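Comments concern the structure below.
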Amino acid sequence: MPRPTWRFWLWPSELRRSGVLGINRRNAEFLFEHNPRARYPLVDDKLLTKQICHQRGIPAPATYAVIERNGDIGRFLRSVTRWPEFVVKPAKGAEGRGILVIRRHDGRVFTTAGGQTLDAAELGYHLATILSGLYSLGGQIDRALVEQRIVRHPVFDDVAVGGTPDVRVIVYRGVPVMAMLRLPTVASRGRANLYQGAVAAGIELKTGRTLGGVCRGRAVDYHPDTGRPIAGLTIPSWDDVLRSAMNLADGIALGYLGVDFVLDAAIGPVVLEANARPGLAIQIANRAGLLHRLQWIDAHLPAGLSIEQRARWIQSAGQPADETIVWLASPATSTVESLPALRPTRRQRV
């Protein structure tokens, strides 16, 4: 009897059967068709995104100051004692670059969430680099936002190290189709950035409960630093997360959108930012492909539904929500778990 072949790779035909969405198809069929370029500035600039949130009653971190010119830096530093803690971020930044979380300060010495200290001159220099466009998309001249620091919800204390986890929801044509929780680690230096070593956990859309985790492309069941299980964690106020994601997608008027949330201990879910080109690693976190879900929405979603009507439709589209939205295709074709087990052979292709 021949021995089974274990491998780290999949044939294109296997990826197609699993419904895995590739970047070229995502761009051609979903971004090009459903995301008008004229709307991109509303997500590429975090300040514009926050303005839409405020207009539509969606919770977002309070904005303390907007620094647009080098002359604004000195004025900000002279008034900084008004805010005992705050976050500095570039308005047009990406992948968490340029974000500085100040946990405490006395107006002269500033301590970050990671325990580093800066003096006022160093903080001013960091603000100047943001304005110069060092962290912005395409190196454009930028603005610096100073905003409320989010206090991590205690439900994440055992599965997040050195920072605040976030939740990403992919919304297609106004309907949430996939979500994941990103957990910071020591390796990611407290950032919820998958490429720096954070853990991604898929989320069951109907319940808000986490599934298994992935870290650096490998399946993990426990947080690498705390040893606590990743699966089975219920995201607080999950219905509010989904409704806010739909609300923001309607306000921005993009058909394919990623919305990032953090959960504050007092406020609950707040929108951090939106992304018109959300990455595809969320499929790895959920061990499921996006394509079948998107095609199901195209085939079945009635036109012109309000947010409340969409929410009811998700729950009553002729079958349970887990079968219509969470698992849109049969397990045999929708989940990566149904594909051949991935282990090394003598000729590894990693």
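Residues in the structure tokens are named by chain (A, B, ... in the order shown) and by number from 1 within that chain; ligands are numbered from 1 in the order shown.
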Practice prompt. Could you please write out, as a list in words, every residue of segment 65-139 of chain A that DSSP assigns to helix (DSSP H, G or I)?
Written response: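 So, restricting segment 65-139 of chain A to helix (DSSP H, G or I), we get Asn70, Gly71, Asp72, Ile73, Gly74, Arg75, Phe76, Leu77, Arg78, Ser79, Val80, Thr81, Arg82, Ala120, Ala121, Glu122, Leu123, Gly124, Tyr125, His126, Leu127, Ala128, Thr129, Ile130, Leu131, Leu137, Gly138 and Gly139 of chain A.
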Residues of the last selection are to be written out with N, CA and C atoms, as a short mmCIF file (atom, residue, chain, number, x, y, z; two decimals), in the first residue's frame.
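Listing of part12.cif after writing:
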```cif
data_model
loop_
_atom_site.label_atom_id
_atom_site.label_comp_id
_atom_site.auth_asym_id
_atom_site.auth_seq_id
_atom_site.Cartn_x
_atom_site.Cartn_y
_atom_site.Cartn_z
N ASN A 70 4.79 71.76 10.82
CA ASN A 70 5.84 71.69 11.84
C ASN A 70 5.61 72.69 12.96
N GLY A 71 5.00 73.84 12.63
CA GLY A 71 4.72 74.83 13.66
C GLY A 71 3.72 74.36 14.69
N ASP A 72 2.90 73.37 14.32
CA ASP A 72 1.91 72.83 15.27
C ASP A 72 2.56 71.97 16.35
N ILE A 73 3.77 71.46 16.07
CA ILE A 73 4.40 70.52 17.01
C ILE A 73 4.70 71.20 18.33
N GLY A 74 5.29 72.39 18.29
CA GLY A 74 5.61 73.10 19.52
C GLY A 74 4.37 73.43 20.33
N ARG A 75 3.31 73.85 19.65
CA ARG A 75 2.07 74.16 20.35
C ARG A 75 1.50 72.91 21.02
N PHE A 76 1.59 71.78 20.33
CA PHE A 76 1.10 70.54 20.93
C PHE A 76 1.91 70.18 22.17
N LEU A 77 3.23 70.26 22.09
CA LEU A 77 4.08 69.89 23.23
C LEU A 77 3.85 70.80 24.43
N ARG A 78 3.49 72.05 24.18
CA ARG A 78 3.23 72.96 25.29
C ARG A 78 1.90 72.67 25.98
N SER A 79 0.98 72.01 25.27
CA SER A 79 -0.33 71.73 25.86
C SER A 79 -0.54 70.25 26.16
N VAL A 80 0.53 69.44 26.03
CA VAL A 80 0.38 67.99 26.10
C VAL A 80 -0.04 67.50 27.49
N THR A 81 0.18 68.30 28.52
CA THR A 81 -0.19 67.86 29.87
C THR A 81 -1.70 67.73 30.05
N ARG A 82 -2.46 68.21 29.07
CA ARG A 82 -3.93 68.06 29.14
C ARG A 82 -4.34 66.60 29.03
N ALA A 120 10.85 65.31 25.25
CA ALA A 120 9.97 66.10 24.39
C ALA A 120 10.56 66.30 23.00
N ALA A 121 11.88 66.45 22.93
CA ALA A 121 12.52 66.65 21.62
C ALA A 121 12.36 65.41 20.75
N GLU A 122 12.49 64.24 21.35
CA GLU A 122 12.34 63.00 20.58
C GLU A 122 10.90 62.81 20.11
N LEU A 123 9.94 63.15 20.96
CA LEU A 123 8.55 63.07 20.54
C LEU A 123 8.28 64.05 19.40
N GLY A 124 8.83 65.25 19.52
CA GLY A 124 8.67 66.23 18.45
C GLY A 124 9.29 65.77 17.15
N TYR A 125 10.44 65.10 17.24
CA TYR A 125 11.08 64.58 16.03
C TYR A 125 10.21 63.50 15.38
N HIS A 126 9.61 62.65 16.21
CA HIS A 126 8.74 61.61 15.66
C HIS A 126 7.55 62.24 14.94
N LEU A 127 6.97 63.27 15.51
CA LEU A 127 5.87 63.95 14.85
C LEU A 127 6.31 64.55 13.53
N ALA A 128 7.52 65.11 13.49
CA ALA A 128 8.03 65.70 12.25
C ALA A 128 8.22 64.65 11.16
N THR A 129 8.67 63.45 11.55
CA THR A 129 8.84 62.39 10.54
C THR A 129 7.50 61.95 9.98
N ILE A 130 6.46 61.97 10.81
CA ILE A 130 5.12 61.65 10.30
C ILE A 130 4.70 62.68 9.26
N LEU A 131 4.89 63.97 9.57
CA LEU A 131 4.50 65.02 8.64
C LEU A 131 5.25 64.91 7.32
N LEU A 137 1.23 56.14 2.95
CA LEU A 137 1.10 55.40 1.69
C LEU A 137 1.70 56.23 0.56
N GLY A 138 2.68 55.67 -0.13
CA GLY A 138 3.30 56.36 -1.24
C GLY A 138 4.20 57.51 -0.84
N GLY A 139 4.53 57.64 0.45
CA GLY A 139 5.42 58.71 0.89
C GLY A 139 4.82 60.10 0.79
#
```
Worksheet item: Please, which residues of segment 16-235 of chain A, numbered as in this document, come out strand (DSSP E or B) from DSSP, as an NGL selection string?
Response: :A and (63-67 or 86-90 or 93 or 100-105 or 109-112 or 117-119 or 136 or 144-147 or 152 or 166-172 or 175-183 or 199-204 or 209-215 or 218-220 or 222 or 229 or 234)
Worksheet entry | Polymer residues at most 8 Å from segment 245-261 of chain A, only C-alpha atoms, same-chain spacing of 3 or more positions, as an NGL selection string | :A and (30-31 or 34-36 or 39 or 42-43 or 49 or 52-53 or 56 or 58 or 166-176 or 241-242 or 269-278 or 307)
Could you write those residues out with C-alpha atoms, as a compact mmCIF listing (two decimals), in the first residue's frame?
```txt
# COMPACT_ATOMS: atom_id res chain seq x y z
CA PHE A 30 -13.95 42.47 -6.40
CA LEU A 31 -11.86 45.62 -5.89
CA HIS A 34 -17.03 47.21 -6.31
CA ASN A 35 -14.55 49.83 -5.04
CA PRO A 36 -14.66 53.14 -6.95
CA ARG A 39 -13.78 56.64 -2.55
CA LEU A 42 -12.01 58.04 2.69
CA VAL A 43 -10.19 54.96 3.96
CA THR A 49 -12.71 57.68 8.16
CA ILE A 52 -17.68 59.31 8.70
CA CYS A 53 -17.82 57.31 11.93
CA ARG A 56 -23.04 57.81 11.42
CA ILE A 58 -20.12 54.68 15.05
CA ASP A 166 -7.86 44.00 17.13
CA VAL A 167 -10.66 42.47 15.12
CA ARG A 168 -10.89 42.64 11.34
CA VAL A 169 -14.21 42.15 9.56
CA ILE A 170 -14.43 41.76 5.78
CA VAL A 171 -17.65 43.31 4.47
CA TYR A 172 -18.82 42.51 0.95
CA ARG A 173 -21.76 44.38 -0.55
CA GLY A 174 -22.73 45.43 2.95
CA VAL A 175 -22.62 41.93 4.46
CA PRO A 176 -19.90 40.61 6.83
CA VAL A 241 -19.09 44.88 15.86
CA LEU A 242 -20.96 43.46 12.87
CA PRO A 269 -16.03 48.13 20.14
CA VAL A 270 -14.49 51.19 18.46
CA VAL A 271 -13.36 51.53 14.85
CA LEU A 272 -9.63 51.98 14.37
CA GLU A 273 -9.56 52.21 10.59
CA ALA A 274 -10.87 50.79 7.33
CA ASN A 275 -9.00 49.25 4.44
CA ALA A 276 -10.05 49.24 0.79
CA ARG A 277 -7.47 46.55 -0.03
CA PRO A 278 -7.69 44.13 2.92
CA ILE A 307 -28.62 47.46 7.73
```
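Summary of the local environment: counting only C-alpha atoms, residues at most 6 Å from segment 180-194 of chain A, other than itself and those fewer than 4 positions away along its chain, are A:Ala160, A:Val161, A:Gly162, A:Gly163, A:Pro165, A:Asp166, A:Val167, A:Arg168, A:Ala198, A:Val199, A:Ala200, A:Ala201, A:Gly202, A:Ile203.
With distances restricted to only C-alpha atoms, A:Ser136 is the closest residue to Asp44 of chain A from A:Ser244, A:Thr210, A:Gln148, A:Ser136.
Omitting segment 222-224 of chain A and its sequence neighbours fewer than 5 positions away, and counting only C-alpha atoms, the residues within 7 Å are Val159, Pro229 and Ile230 of chain A.
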Worksheet entry | Proximity to His300 of chain A - best of A:Ala288, A:Pro59, A:Trp313, A:Arg69, only C-alpha atoms |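 Among the listed residues, the smallest separation from His300 of chain A belongs to A:Trp313.
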Practice prompt. Just give me the gap between atom CA of Gly268 of chain A and atom CA of Gly227 of chain A in Å, one decimal is fine.
Written response: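 Computed distance, atom CA of Gly268 of chain A to atom CA of Gly227 of chain A, equals 25.8 Å.
The gap separating atom CA of Gly217 of chain A from atom CA of Ser237 of chain A is 28.8 Å, in Å to one decimal.
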Worksheet item: Using only C-alpha atoms, which residue out of A:Trp83, A:Met178, A:Gln140, A:Ile282 lies closest to Gly107 of chain A?
Response: A:Trp83
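Compared by their closest atoms to Leu48 of chain A, and using only C-alpha atoms, the residues A:Ala281, A:Ile23, A:Ala91, A:Ile102 rank with A:Ala91 nearest.
Among the candidate residues A:Leu205, A:Thr164, A:Lys92, A:Ser306, the one lying nearest to Gly114 of chain A is A:Thr164, with distances computed using only C-alpha atoms.
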Worksheet item: So, counting only C-alpha atoms, which residue among A:Ala285, A:Ala311, A:Val220, A:Ala65 is closest to Lys89 of chain A?
Response: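 Checking each candidate against Lys89 of chain A, we get A:Ala65 as the closest.
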Worksheet item: So how many Å separate atom CA of Arg209 of chain A and atom CA of Ser316 of chain A, to one decimal?
Response: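 Separation between atom CA of Arg209 of chain A and atom CA of Ser316 of chain A: 20.0 Å.
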